[in-house]
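K.L.:
So here's protein_7.cif, just mmCIF, C-alpha atoms (C1' of nucleotides):
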```cif
data_upload
loop_
_atom_site.group_PDB
_atom_site.id
_atom_site.type_symbol
_atom_site.label_atom_id
_atom_site.label_comp_id
_atom_site.auth_asym_id
_atom_site.auth_seq_id
_atom_site.Cartn_x
_atom_site.Cartn_y
_atom_site.Cartn_z
ATOM 1 C CA MET V 24 108.299 0.159 87.403
ATOM 2 C CA GLY V 25 108.761 3.844 86.644
ATOM 3 C CA ARG V 26 106.701 6.784 87.845
ATOM 4 C CA GLU V 27 105.962 10.125 86.321
ATOM 5 C CA LEU V 28 105.776 13.291 88.422
ATOM 6 C CA PHE V 29 104.829 16.819 87.461
ATOM 7 C CA LEU V 30 106.199 19.961 89.025
ATOM 8 C CA GLU V 31 104.817 23.407 88.311
ATOM 9 C CA THR V 32 107.425 26.085 87.618
ATOM 10 C CA PRO V 33 107.182 29.771 88.550
ATOM 11 C CA PRO V 34 106.620 32.433 85.890
ATOM 12 C CA GLY V 35 109.930 33.534 84.416
ATOM 13 C CA PHE V 36 111.632 30.184 84.632
ATOM 14 C CA SER V 37 113.587 28.861 81.649
ATOM 15 C CA PHE V 38 114.459 25.181 81.809
ATOM 16 C CA ARG V 39 116.943 25.412 78.956
ATOM 17 C CA HIS V 40 118.737 28.499 80.257
ATOM 18 C CA THR V 41 119.042 26.856 83.653
ATOM 19 C CA VAL V 42 120.327 23.437 82.627
ATOM 20 C CA TYR V 43 122.693 25.017 80.098
ATOM 21 C CA SER V 44 123.820 27.786 82.460
ATOM 22 C CA HIS V 45 127.289 26.359 83.052
ATOM 23 C CA GLY V 46 129.273 23.160 82.786
ATOM 24 C CA TRP V 47 127.622 21.286 85.668
ATOM 25 C CA SER V 48 125.158 19.516 83.349
ATOM 26 C CA GLU V 49 128.158 17.785 81.744
ATOM 27 C CA LEU V 50 129.381 16.325 85.028
ATOM 28 C CA LEU V 51 128.046 13.026 86.343
ATOM 29 C CA PRO V 52 125.620 12.159 87.737
ATOM 30 C CA PHE V 53 124.094 14.854 85.501
ATOM 31 C CA ARG V 54 123.681 14.038 81.843
ATOM 32 C CA LEU V 55 122.180 16.456 79.364
ATOM 33 C CA ASP V 56 120.893 15.549 75.953
ATOM 34 C CA ALA V 57 121.003 18.973 74.347
ATOM 35 C CA GLU V 58 119.175 17.724 71.264
ATOM 36 C CA THR V 59 116.046 16.649 73.128
ATOM 37 C CA TRP V 60 116.674 18.802 76.223
ATOM 38 C CA ARG V 61 116.401 15.883 78.609
ATOM 39 C CA LEU V 62 118.294 16.326 81.850
ATOM 40 C CA THR V 63 119.106 13.096 83.649
ATOM 41 C CA TYR V 64 120.284 12.961 87.252
ATOM 42 C CA VAL V 65 120.775 10.152 89.745
ATOM 43 C CA PHE V 66 119.009 11.093 92.970
ATOM 44 C CA ARG V 67 119.617 9.658 96.407
ATOM 45 C CA ALA V 68 116.611 7.646 97.563
ATOM 46 C CA LYS V 69 115.471 5.436 100.423
ATOM 47 C CA SER V 70 117.398 2.257 99.722
ATOM 48 C CA LYS V 71 119.001 2.589 96.326
ATOM 49 C CA PRO V 72 119.542 5.730 94.234
ATOM 50 C CA VAL V 73 117.147 6.315 91.367
ATOM 51 C CA SER V 74 117.764 7.766 87.946
ATOM 52 C CA ALA V 75 115.259 10.362 86.739
ATOM 53 C CA VAL V 76 114.817 12.338 83.550
ATOM 54 C CA VAL V 77 113.607 15.930 83.819
ATOM 55 C CA THR V 78 112.045 17.672 80.821
ATOM 56 C CA SER V 79 110.179 20.909 80.275
ATOM 57 C CA SER V 80 106.450 20.361 79.837
ATOM 58 C CA GLY V 81 103.935 23.155 79.436
ATOM 59 C CA ASN V 82 104.033 25.357 82.506
ATOM 60 C CA GLY V 83 106.111 22.915 84.483
ATOM 61 C CA LEU V 84 108.491 20.007 84.538
ATOM 62 C CA LYS V 85 107.918 16.346 83.863
ATOM 63 C CA ILE V 86 110.036 14.046 85.996
ATOM 64 C CA ASP V 87 110.321 10.443 84.838
ATOM 65 C CA VAL V 88 111.659 8.379 87.711
ATOM 66 C CA ALA V 89 113.095 5.032 86.667
ATOM 67 C CA GLY V 90 111.568 3.115 89.563
ATOM 68 C CA GLY V 91 112.587 1.843 92.949
ATOM 69 C CA ARG V 92 111.531 3.147 96.344
ATOM 70 C CA PHE V 93 111.924 6.868 96.791
ATOM 71 C CA ASP V 94 110.618 9.711 98.892
ATOM 72 C CA GLU V 95 108.602 11.811 96.457
ATOM 73 C CA GLU V 96 108.765 14.905 98.654
ATOM 74 C CA ARG V 97 112.539 14.714 98.861
ATOM 75 C CA LEU V 98 112.972 14.141 95.143
ATOM 76 C CA ILE V 99 110.767 17.157 94.358
ATOM 77 C CA ARG V 100 112.776 19.199 96.850
ATOM 78 C CA ASP V 101 115.990 18.154 95.087
ATOM 79 C CA VAL V 102 114.632 19.115 91.658
ATOM 80 C CA ARG V 103 113.481 22.497 92.986
ATOM 81 C CA HIS V 104 116.915 22.981 94.505
ATOM 82 C CA ILE V 105 119.078 22.026 91.512
ATOM 83 C CA LEU V 106 116.996 24.185 89.152
ATOM 84 C CA ARG V 107 116.668 26.976 91.730
ATOM 85 C CA LEU V 108 112.920 27.296 91.234
ATOM 86 C CA ASP V 109 112.562 29.327 94.420
ATOM 87 C CA GLU V 110 115.307 31.836 93.746
ATOM 88 C CA PRO V 111 114.009 35.396 93.238
ATOM 89 C CA LEU V 112 115.915 37.237 90.515
ATOM 90 C CA GLU V 113 113.736 40.360 90.149
ATOM 91 C CA GLU V 114 116.343 42.620 91.748
ATOM 92 C CA PHE V 115 119.021 41.235 89.404
ATOM 93 C CA TYR V 116 116.812 41.740 86.370
ATOM 94 C CA GLU V 117 116.123 45.348 87.393
ATOM 95 C CA LEU V 118 119.861 45.950 87.184
ATOM 96 C CA THR V 119 120.433 44.061 83.929
ATOM 97 C CA ASN V 120 117.521 45.956 82.338
ATOM 98 C CA LEU V 121 119.460 49.150 82.936
ATOM 99 C CA ASP V 122 122.472 47.812 81.028
ATOM 100 C CA GLU V 123 122.363 47.806 77.256
ATOM 101 C CA ARG V 124 124.549 44.707 76.878
ATOM 102 C CA LEU V 125 122.695 42.686 79.499
ATOM 103 C CA ARG V 126 119.162 43.655 78.527
ATOM 104 C CA TRP V 127 118.725 40.191 77.008
ATOM 105 C CA VAL V 128 119.023 38.482 80.407
ATOM 106 C CA ALA V 129 115.577 39.232 81.902
ATOM 107 C CA PRO V 130 113.472 38.441 78.798
ATOM 108 C CA SER V 131 115.442 35.194 78.428
ATOM 109 C CA ASN V 132 114.883 34.288 82.069
ATOM 110 C CA ALA V 133 118.598 33.571 82.356
ATOM 111 C CA GLY V 134 120.616 33.695 85.573
ATOM 112 C CA ARG V 135 119.703 30.495 87.353
ATOM 113 C CA LEU V 136 122.889 28.458 87.730
ATOM 114 C CA LEU V 137 122.361 24.718 87.840
ATOM 115 C CA ARG V 138 123.599 23.178 91.079
ATOM 116 C CA SER V 139 123.787 19.839 92.840
ATOM 117 C CA PRO V 140 121.271 18.630 95.439
ATOM 118 C CA THR V 141 123.926 19.018 98.130
ATOM 119 C CA VAL V 142 126.473 21.726 98.841
ATOM 120 C CA PHE V 143 128.986 18.960 99.504
ATOM 121 C CA GLU V 144 128.698 17.673 95.926
ATOM 122 C CA ASP V 145 129.184 21.195 94.598
ATOM 123 C CA MET V 146 132.266 21.592 96.797
ATOM 124 C CA VAL V 147 133.849 18.405 95.482
ATOM 125 C CA LYS V 148 133.064 19.337 91.897
ATOM 126 C CA THR V 149 134.429 22.827 92.401
ATOM 127 C CA LEU V 150 137.695 21.309 93.634
ATOM 128 C CA CYS V 151 137.708 19.275 90.423
ATOM 129 C CA THR V 152 137.664 22.474 88.354
ATOM 130 C CA THR V 153 140.767 24.013 89.883
ATOM 131 C CA ASN V 154 143.969 24.343 87.854
ATOM 132 C CA CYS V 155 143.092 21.894 85.121
ATOM 133 C CA SER V 156 141.402 21.588 81.759
ATOM 134 C CA TRP V 157 137.673 20.951 81.573
ATOM 135 C CA SER V 158 138.412 17.491 80.188
ATOM 136 C CA LEU V 159 140.319 16.608 83.353
ATOM 137 C CA THR V 160 137.465 17.965 85.473
ATOM 138 C CA ARG V 161 135.174 15.537 83.652
ATOM 139 C CA ILE V 162 137.599 12.669 84.122
ATOM 140 C CA MET V 163 137.861 13.262 87.876
ATOM 141 C CA THR V 164 134.122 13.594 88.467
ATOM 142 C CA THR V 165 133.396 10.572 86.269
ATOM 143 C CA ASN V 166 135.910 8.516 88.259
ATOM 144 C CA LEU V 167 134.432 9.673 91.565
ATOM 145 C CA VAL V 168 130.907 8.700 90.552
ATOM 146 C CA GLU V 169 131.746 5.438 88.819
ATOM 147 C CA LYS V 170 134.267 4.169 91.377
ATOM 148 C CA LEU V 171 132.705 5.384 94.630
ATOM 149 C CA GLY V 172 129.045 6.033 93.853
ATOM 150 C CA THR V 173 126.217 3.589 94.511
ATOM 151 C CA ARG V 174 124.616 2.021 91.440
ATOM 152 C CA ALA V 175 121.138 3.313 90.745
ATOM 153 C CA VAL V 176 117.813 1.927 89.668
ATOM 154 C CA GLY V 177 117.538 2.864 85.996
ATOM 155 C CA GLY V 178 121.283 2.953 85.355
ATOM 156 C CA GLY V 179 124.190 5.124 86.331
ATOM 157 C CA SER V 180 125.458 5.832 89.822
ATOM 158 C CA ALA V 181 124.777 8.470 92.420
ATOM 159 C CA PHE V 182 127.362 10.992 93.461
ATOM 160 C CA PRO V 183 129.255 9.360 96.351
ATOM 161 C CA THR V 184 128.427 10.340 99.912
ATOM 162 C CA ALA V 185 130.960 12.031 102.162
ATOM 163 C CA GLU V 186 131.289 8.715 103.974
ATOM 164 C CA ALA V 187 132.145 6.915 100.726
ATOM 165 C CA LEU V 188 134.661 9.578 99.779
ATOM 166 C CA ALA V 189 136.188 9.424 103.258
ATOM 167 C CA SER V 190 136.535 5.656 103.071
ATOM 168 C CA VAL V 191 139.429 5.797 100.606
ATOM 169 C CA ASP V 192 142.886 7.242 101.065
ATOM 170 C CA GLU V 193 145.038 9.772 99.260
ATOM 171 C CA LYS V 194 146.673 7.024 97.174
ATOM 172 C CA PHE V 195 143.266 6.026 95.791
ATOM 173 C CA TYR V 196 142.555 9.598 94.751
ATOM 174 C CA ARG V 197 145.904 9.860 93.010
ATOM 175 C CA GLU V 198 145.809 6.515 91.237
ATOM 176 C CA GLU V 199 142.115 5.893 90.613
ATOM 177 C CA ILE V 200 140.558 9.350 90.475
ATOM 178 C CA LYS V 201 143.547 11.063 88.805
ATOM 179 C CA ALA V 202 143.210 13.922 91.277
ATOM 180 C CA GLY V 203 146.959 14.520 91.533
ATOM 181 C CA TYR V 204 148.026 17.048 94.156
ATOM 182 C CA ARG V 205 144.338 17.705 94.993
ATOM 183 C CA SER V 206 144.075 14.264 96.578
ATOM 184 C CA PRO V 207 144.690 15.305 100.202
ATOM 185 C CA TYR V 208 142.097 18.075 99.759
ATOM 186 C CA PHE V 209 139.411 15.491 98.929
ATOM 187 C CA VAL V 210 140.407 13.396 101.928
ATOM 188 C CA GLU V 211 140.319 16.369 104.300
ATOM 189 C CA LEU V 212 136.968 17.672 103.022
ATOM 190 C CA SER V 213 135.161 14.348 103.002
ATOM 191 C CA GLU V 214 136.467 13.372 106.450
ATOM 192 C CA ALA V 215 135.367 16.711 107.886
ATOM 193 C CA VAL V 216 131.850 16.324 106.466
ATOM 194 C CA ALA V 217 131.520 12.611 107.233
ATOM 195 C CA SER V 218 132.556 13.160 110.864
ATOM 196 C CA GLY V 219 130.123 16.047 111.291
ATOM 197 C CA ARG V 220 132.875 18.567 111.984
ATOM 198 C CA LEU V 221 131.778 20.472 108.884
ATOM 199 C CA ASP V 222 128.184 21.002 107.777
ATOM 200 C CA PRO V 223 128.223 22.765 104.397
ATOM 201 C CA GLU V 224 124.466 22.254 103.933
ATOM 202 C CA ALA V 225 123.940 24.758 106.747
ATOM 203 C CA TRP V 226 125.490 27.430 104.519
ATOM 204 C CA LEU V 227 122.285 27.442 102.464
ATOM 205 C CA THR V 228 120.329 29.003 105.300
ATOM 206 C CA THR V 229 122.922 30.717 107.466
ATOM 207 C CA ASP V 230 122.748 34.450 108.184
ATOM 208 C CA ILE V 231 126.537 34.751 108.287
ATOM 209 C CA PRO V 232 127.638 37.722 106.136
ATOM 210 C CA THR V 233 129.211 36.693 102.847
ATOM 211 C CA PRO V 234 132.771 37.901 103.661
ATOM 212 C CA GLU V 235 132.771 35.748 106.817
ATOM 213 C CA LEU V 236 131.349 32.760 104.960
ATOM 214 C CA LYS V 237 133.982 33.165 102.253
ATOM 215 C CA LYS V 238 136.653 33.211 104.950
ATOM 216 C CA GLU V 239 135.280 29.967 106.356
ATOM 217 C CA ILE V 240 135.256 28.318 102.920
ATOM 218 C CA LYS V 241 138.787 29.516 102.210
ATOM 219 C CA SER V 242 139.991 27.949 105.443
ATOM 220 C CA LEU V 243 139.489 24.582 103.718
ATOM 221 C CA LYS V 244 142.459 23.231 101.801
ATOM 222 C CA GLY V 245 142.121 23.667 98.057
ATOM 223 C CA PHE V 246 139.591 26.498 98.264
ATOM 224 C CA GLY V 247 141.152 29.752 97.198
ATOM 225 C CA ASP V 248 139.471 32.879 95.870
ATOM 226 C CA TYR V 249 138.057 31.337 92.713
ATOM 227 C CA ALA V 250 136.754 28.166 94.354
ATOM 228 C CA ALA V 251 135.200 30.034 97.284
ATOM 229 C CA ASP V 252 133.485 32.566 95.011
ATOM 230 C CA ASN V 253 132.250 29.816 92.714
ATOM 231 C CA LEU V 254 130.752 27.934 95.636
ATOM 232 C CA LEU V 255 129.176 31.126 96.980
ATOM 233 C CA LYS V 256 127.497 31.628 93.604
ATOM 234 C CA LEU V 257 126.031 28.163 93.872
ATOM 235 C CA LEU V 258 124.811 29.072 97.363
ATOM 236 C CA GLY V 259 123.055 32.107 95.874
ATOM 237 C CA ARG V 260 125.558 34.766 96.892
ATOM 238 C CA TYR V 261 126.933 36.622 93.898
ATOM 239 C CA ASP V 262 129.232 39.228 95.470
ATOM 240 C CA GLY V 263 132.394 37.601 94.107
ATOM 241 C CA LEU V 264 133.312 37.324 90.424
ATOM 242 C CA ALA V 265 134.950 33.855 90.729
ATOM 243 C CA LEU V 266 137.554 34.824 88.172
ATOM 244 C CA ASP V 267 139.350 31.938 86.538
ATOM 245 C CA SER V 268 141.415 31.736 83.371
ATOM 246 C CA TRP V 269 138.363 31.085 81.191
ATOM 247 C CA LEU V 270 136.342 34.002 82.556
ATOM 248 C CA ARG V 271 139.328 36.329 82.274
ATOM 249 C CA SER V 272 140.020 35.344 78.663
ATOM 250 C CA GLN V 273 136.345 35.895 77.761
ATOM 251 C CA PHE V 274 136.417 39.344 79.345
ATOM 252 C CA TYR V 275 139.583 40.288 77.444
ATOM 253 C CA LYS V 276 137.923 39.258 74.174
ATOM 254 C CA LYS V 277 134.626 40.993 74.801
ATOM 255 C CA HIS V 278 135.574 44.147 76.656
ATOM 256 C CA ASN V 279 139.314 44.734 76.350
ATOM 257 C CA ARG V 280 140.183 44.310 72.643
ATOM 258 C CA GLU V 281 141.662 40.859 73.344
ATOM 259 C CA ARG V 282 144.346 42.312 75.582
ATOM 260 C CA THR V 283 145.004 41.173 79.122
ATOM 261 C CA CYS V 284 144.322 43.499 82.020
ATOM 262 C CA ALA V 285 144.399 43.491 85.800
ATOM 263 C CA ASP V 286 141.551 41.865 87.712
ATOM 264 C CA LYS V 287 140.806 45.252 89.250
ATOM 265 C CA LYS V 288 139.674 46.502 85.838
ATOM 266 C CA ILE V 289 137.260 43.567 85.526
ATOM 267 C CA GLU V 290 135.971 44.279 89.018
ATOM 268 C CA ARG V 291 135.384 47.949 88.119
ATOM 269 C CA HIS V 292 133.462 46.923 85.010
ATOM 270 C CA TYR V 293 130.858 45.014 87.044
ATOM 271 C CA LYS V 294 130.852 47.194 90.154
ATOM 272 C CA LYS V 295 127.478 48.738 89.244
ATOM 273 C CA PHE V 296 125.797 45.363 89.708
ATOM 274 C CA GLY V 297 126.626 45.454 93.419
ATOM 275 C CA SER V 298 125.958 42.193 95.206
ATOM 276 C CA TRP V 299 124.824 40.676 91.870
ATOM 277 C CA ARG V 300 128.122 41.280 90.050
ATOM 278 C CA GLY V 301 129.164 37.637 90.068
ATOM 279 C CA LEU V 302 125.993 36.674 88.227
ATOM 280 C CA ALA V 303 126.286 39.680 85.911
ATOM 281 C CA ILE V 304 129.745 38.714 84.674
ATOM 282 C CA TRP V 305 128.680 35.103 84.205
ATOM 283 C CA CYS V 306 125.650 36.047 82.098
ATOM 284 C CA ASP V 307 127.728 38.544 80.133
ATOM 285 C CA MET V 308 130.477 36.035 79.349
ATOM 286 C CA THR V 309 128.131 33.200 78.408
ATOM 287 C CA GLU V 310 125.741 35.221 76.228
ATOM 288 C CA ARG V 311 126.987 33.617 73.017
ATOM 289 C CA TRP V 312 126.268 30.119 74.355
ATOM 290 C CA PHE V 313 122.595 30.906 74.012
ATOM 291 C CA ASP V 314 122.938 32.368 70.533
ATOM 292 C CA GLU V 315 124.211 29.001 69.394
ATOM 293 C CA LYS V 316 121.258 27.048 70.747
ATOM 294 C CA LEU V 317 117.567 26.997 69.974
ATOM 295 C CA PHE V 318 115.710 28.312 72.982
ATOM 296 C CA ASP V 319 112.241 28.340 74.357
ATOM 297 C "C1'" DG Q 30 157.168 9.983 69.258
ATOM 298 C "C1'" DC Q 31 158.751 13.515 72.362
ATOM 299 C "C1'" DG Q 32 159.049 17.928 74.811
ATOM 300 C "C1'" DT Q 33 156.627 22.015 76.174
ATOM 301 C "C1'" DC Q 34 152.837 24.636 77.554
ATOM 302 C "C1'" DC Q 35 148.701 25.517 79.882
ATOM 303 C "C1'" DA Q 36 144.081 24.802 81.555
ATOM 304 C "C1'" DG Q 37 137.449 27.004 84.729
ATOM 305 C "C1'" DG Q 38 144.252 27.801 90.960
ATOM 306 C "C1'" DT Q 39 146.100 27.073 95.485
ATOM 307 C "C1'" DC Q 40 149.619 26.545 98.918
ATOM 308 C "C1'" DT Q 41 153.861 27.615 101.188
ATOM 309 C "C1'" DA Q 42 157.841 30.183 102.065
ATOM 310 C "C1'" DC Q 43 159.760 34.343 101.975
ATOM 311 C "C1'" DC Q 44 160.136 39.327 101.832
ATOM 312 C "C1'" DG L 1 150.052 42.235 101.746
ATOM 313 C "C1'" DG L 2 152.398 40.754 97.820
ATOM 314 C "C1'" DT L 3 154.923 37.307 95.017
ATOM 315 C "C1'" DA L 4 157.846 33.229 93.202
ATOM 316 C "C1'" DG L 5 157.875 28.499 92.638
ATOM 317 C "C1'" DA L 6 155.950 23.992 93.046
ATOM 318 C "C1'" DC L 7 152.232 21.043 92.088
ATOM 319 C "C1'" DC L 8 149.021 16.312 89.211
ATOM 320 C "C1'" DT L 9 147.036 15.488 84.890
ATOM 321 C "C1'" DG L 10 145.768 15.314 80.036
ATOM 322 C "C1'" DG L 11 145.326 17.423 75.661
ATOM 323 C "C1'" DA L 12 146.988 20.598 72.126
ATOM 324 C "C1'" DC L 13 150.727 21.975 69.656
ATOM 325 C "C1'" DG L 14 155.280 22.246 67.383
ATOM 326 C "C1'" DC L 15 159.082 19.792 65.814
#
```
Please rewrite the model in this file as structure tokens.
P.N.:
Amino acid sequence: MGRELFLETPPGFSFRHTVYSHGWSELLPFRLDAETWRLTYVFRAKSKPVSAVVTSSGNGLKIDVAGGRFDEERLIRDVRHILRLDEPLEEFYELTNLDERLRWVAPSNAGRLLRSPTVFEDMVKTLCTTNCSWSLTRIMTTNLVEKLGTRAVGGGSAFPTAEALASVDEKFYREEIKAGYRSPYFVELSEAVASGRLDPEAWLTTDIPTPELKKEIKSLKGFGDYAADNLLKLLGRYDGLALDSWLRSQFYKKHNRERTCADKKIERHYKKFGSWRGLAIWCDMTERWFDEKLFD
DNA sequence: GCGTCCAGGTCTACC
DNA sequence: GGTAGACCTGGACGC
């Protein structure tokens, strides 16, 4: 039997801008119905994962949990975390308000990037975005969830645990997940986390300066500049631009008359946003996404 | 149907 | 520190 929970949101929170902030809502165990703006996610629970649907409702969020036994406090914590309800963006908005082309960001309450309940899940998904088309990213994450995730109450499967990911070998990743040359990276990462040698969740609260943290992330196989910067953004550190081919091509179109240029020029363009430059470029490059949708 | 290119890059070897 | 070449896969594209 299902249960309905309600979670109050802070002023200046946009559900639609958050769930549609980047491609994560298209990757299992997220599912987004952009017509009805229903965000489904399979949450880890006490015995068996549970599927829940999150929708915007008045001054908060309605969470319809499919059923099963679950820790309400933990589920609420996960929802707060994935939607970044506790992330202060005032300083960022002060900067975007000073920029003519980014003045839309603050009134829209944009800038919250959807993330997974665990840093580990975001790491695996980030690996799935490297050097491939978005369609292949979706194939790999779908395979991971459907072939290694635990079935949930209410349908779907949870994102697999580090232990589950560490229980299969490189051959499985190549043949079943279609991860190709990335396969040993998944094995190394999941074994490190499952054994306790690596604790990425601690990065959410660590005081380590960002350059040092980036160095630590880059010491992992498969995490280069883009992947490390992307993960740092999801951790709430926006110093790096996380330039990939898509972001570069968008910049060329919008700010460089469709001509390629060196990364240094892109970095100069966003320098004025200081430690928020990674979020500034992302908002700038995705502005048209929100023109195409009906927003609250 | 087939070959080529490239996509939400990174690693290694070499200079 | 900078760079060339290799690397899985799937989809788009040209022929």
K.L.:
Give me, as a tab-separated table, each residue of range 51-165 of chain V that comes within 10 Å of range 37-44 of chain Q, together with its shortest interatomic pair and the distance in Å at one decimal, counting all atoms listed in the file, with rows ordered by chain and rising residue number.
P.N.:
```
residue	atom	partner	partner_atom	distance
V:Thr149	CA	Q:DG37	C1'	9.2
V:Leu150	CA	Q:DG38	C1'	9.6
V:Cys151	CA	Q:DG37	C1'	9.6
V:Thr152	CA	Q:DG37	C1'	5.8
V:Thr153	CA	Q:DG38	C1'	5.3
V:Asn154	CA	Q:DG38	C1'	4.7
V:Cys155	CA	Q:DG37	C1'	7.6
V:Ser156	CA	Q:DG37	C1'	7.3
V:Trp157	CA	Q:DG37	C1'	6.8
V:Thr160	CA	Q:DG37	C1'	9.1
```
K.L.:
Once the PyMOL selection byres ((chain V and resi 72-89) around 10) has been applied to the shown file, what residues remain in the selection, as a count of residues only?
P.N.:
52
K.L.:
Mind pulling up the distance from CA of Leu302 in chain V to CA of Lys237 in chain V?
P.N.:
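CA of Leu302 in chain V lies at a distance of 16.5 Å from CA of Lys237 in chain V.
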K.L.:
Work out how far apart CA of Gly301 in chain V and CA of Tyr261 in chain V are and give it in Å to one decimal.
P.N.:
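About the pair CA of Gly301 in chain V and CA of Tyr261 in chain V: they are 4.5 Å apart.
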K.L.:
Give me, as a list in words, all polymer residues having an atom no more than 10 Å from DA12 in chain L, counting all atoms listed in the file and skipping those fewer than 2 positions away in the same chain.
P.N.:
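My reading of the contact set: DC34 and DC35 of chain Q; DG10 and DG14 of chain L.
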K.L.:
Could the residues of chain V within 12 Å of chain Q, counting all atoms listed in the file, be given as a ChimeraX atom specification, please?
P.N.:
/V:45-47,148-161,204-205,208,241-251,253,265-273,305
